[in-house]
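The structure under discussion appears below in the form of structure tokens.
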Amino acid sequence: MNYTIYEYSLLIALPLMLFIGFYSLFGKTPEKPIFDNYVRSRRIMGGALLILSANYSVHFFLEPRFMNVNAAILMNLSTYFLCYWLFSSALTTLLDRFYITRRRLWTHLGLWALFSVLSGAILLLLPDGTMQKVGLAAMAVWLLFYGLFFARRLILAYRRAVRIFNDTQSDDIGAYIEWLSIFTYWALIFGISCGLLTFLPDSWVFVWILSSIPFYIYLFCCYMNYMLFYEQVEIAMESEISSVEEVPGDVERVALQPHAVPYWHSELEGKIKGWIDSEGYVRPGLTIKELADILHTNRTYLSGYIRTAYGVSFREWITGLRISYAKRILVRNPELTIADISERSGFQTPSHFIRLFKENTGFSPARWRKMEMKI
């Protein structure tokens, strides 16, 4: 083995891991009650990172792989199993503040203890040979499916949150939590790679260590950036997920008939037409609850109407109205800049407006304007 690469890779990774871990535990956050859940999530993540740092420290100072390979593998397997749960719990907590329960805590601690004991028995008690290899393969499969289980749960929580945002918010709130999805897939690939590297020759260990550096830098940057948007996301989650509205029985029965037209749709149609004519959709930050209040209706009814009449989510519907409005003023007011039009149309930022406009028309606003002006 190339000892220099191995030792230097640990020397680079360990201080980084310790810094991110301790900062996650003790770094400052806004002193607002709404950030309590964010702090909880970050502390769980910090604990996971410090556990991994302890693993790195043992490898760096004691070099167990050169004294007892099986003990080193056992330490890695036990650490990965525990950290799979901690990482997923930290991220899922950002989307579900009630995710961590006492029962779930003791269940996964028990599974971790069982996994560690069985892995120890296979590695330290069984003689080298076929039986040990079969046992290790079984532990590796268990670890893999454990990670896949948590990854699936987090992705489902992410998609559920995006659906809720799309059905209730006119702005693209889901873009603020997109990093959770990206990080989940990255973590899954990285975790599986780490598990495989545990069983590979020592000459490959430095690959695992060096690859962890950009992984944890990305995690740290995402958590720091997310703090800028967390309050907006959490407010949306609190107002839309936690509030459950009662739907009258007759409306519920109609909802079970996909081809039926509810009696209240005709009334809503007239109200919405008047609201569209008044260009109320250009108001920034509009939510379905606010629109329901404006129209003096129930937001459940309104959501059902939008889905039935237009076949899209609330956000997609509002975006379409804003794009149509932007097209009109692009042609009628050539003196206005793209930034002016973006603001007047109710979009968050000019860049957000340009992206959505291009997705809708296939052209940037500036190019679309030039094409229309020539006609």
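Identifiers in the structure tokens: chain A, B, ... in order shown; residue index from 1 per chain; ligand index from 1 in order shown.
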### Task
Tell me, as an NGL selection string, which residues lie within 9 Å of Trp275 (chain A), counting only C-alpha atoms; anything in the same chain fewer than 6 positions away does not count.
:A and (281 or 294-295)
### Task
Might you pull out every residue within 12 Å of region 170-174 of chain A, with only C-alpha atoms counted and same-chain residues fewer than 3 positions away left off, and present them as JSON, numbers by chain?
{"A": [95, 158, 159, 160, 161, 162, 163, 164, 165, 166, 167, 177, 178, 179, 180, 181, 226, 229, 230, 231, 232, 233, 234, 235, 236, 237, 280, 281, 282, 283, 284, 285, 286, 287, 288, 289, 290, 291, 313, 314, 315, 316, 317, 318, 319, 320, 321, 322, 345, 346, 347, 348, 349, 352, 353, 355, 356]}
### Message
Could you pull out the alpha helix (DSSP H) residues of region 297-371 of chain A, going by DSSP on the backbone, and write them as number ranges by chain?
### Response
A: 299-310, 314-332, 338-345, 350-361, 365-371
### Message
Let me make sure I understand: among A:Ile272, A:Ala175, A:Leu210, A:Ala138, which one has the smallest atom-to-atom distance to Phe190 (chain A) if we use only C-alpha atoms?
### Response
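Of A:Ile272, A:Ala175, A:Leu210, A:Ala138, the one nearest Phe190 (chain A), counting only C-alpha atoms, is A:Leu210.
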Which residues of region 61-158 of chain A have any atom within 10 Å of an atom in region 30-37 of chain A when counting only C-alpha atoms, and what is the closest pair of atoms for each, with the distance in Å to one decimal? Order the rows by chain and rising number and write it as CSV.
residue,atom,partner,partner_atom,distance
A:Ala90,CA,A:Asn37,CA,9.8
A:Thr93,CA,A:Asn37,CA,7.2
A:Leu94,CA,A:Asn37,CA,6.7
A:Leu95,CA,A:Asn37,CA,9.3
A:Asp96,CA,A:Asn37,CA,9.0
A:Arg97,CA,A:Asn37,CA,6.3
A:Phe98,CA,A:Asn37,CA,9.6
#### Entry: d(CA of Ile51 (chain A), CA of Pro214 (chain A)) in Å
18.2 Å
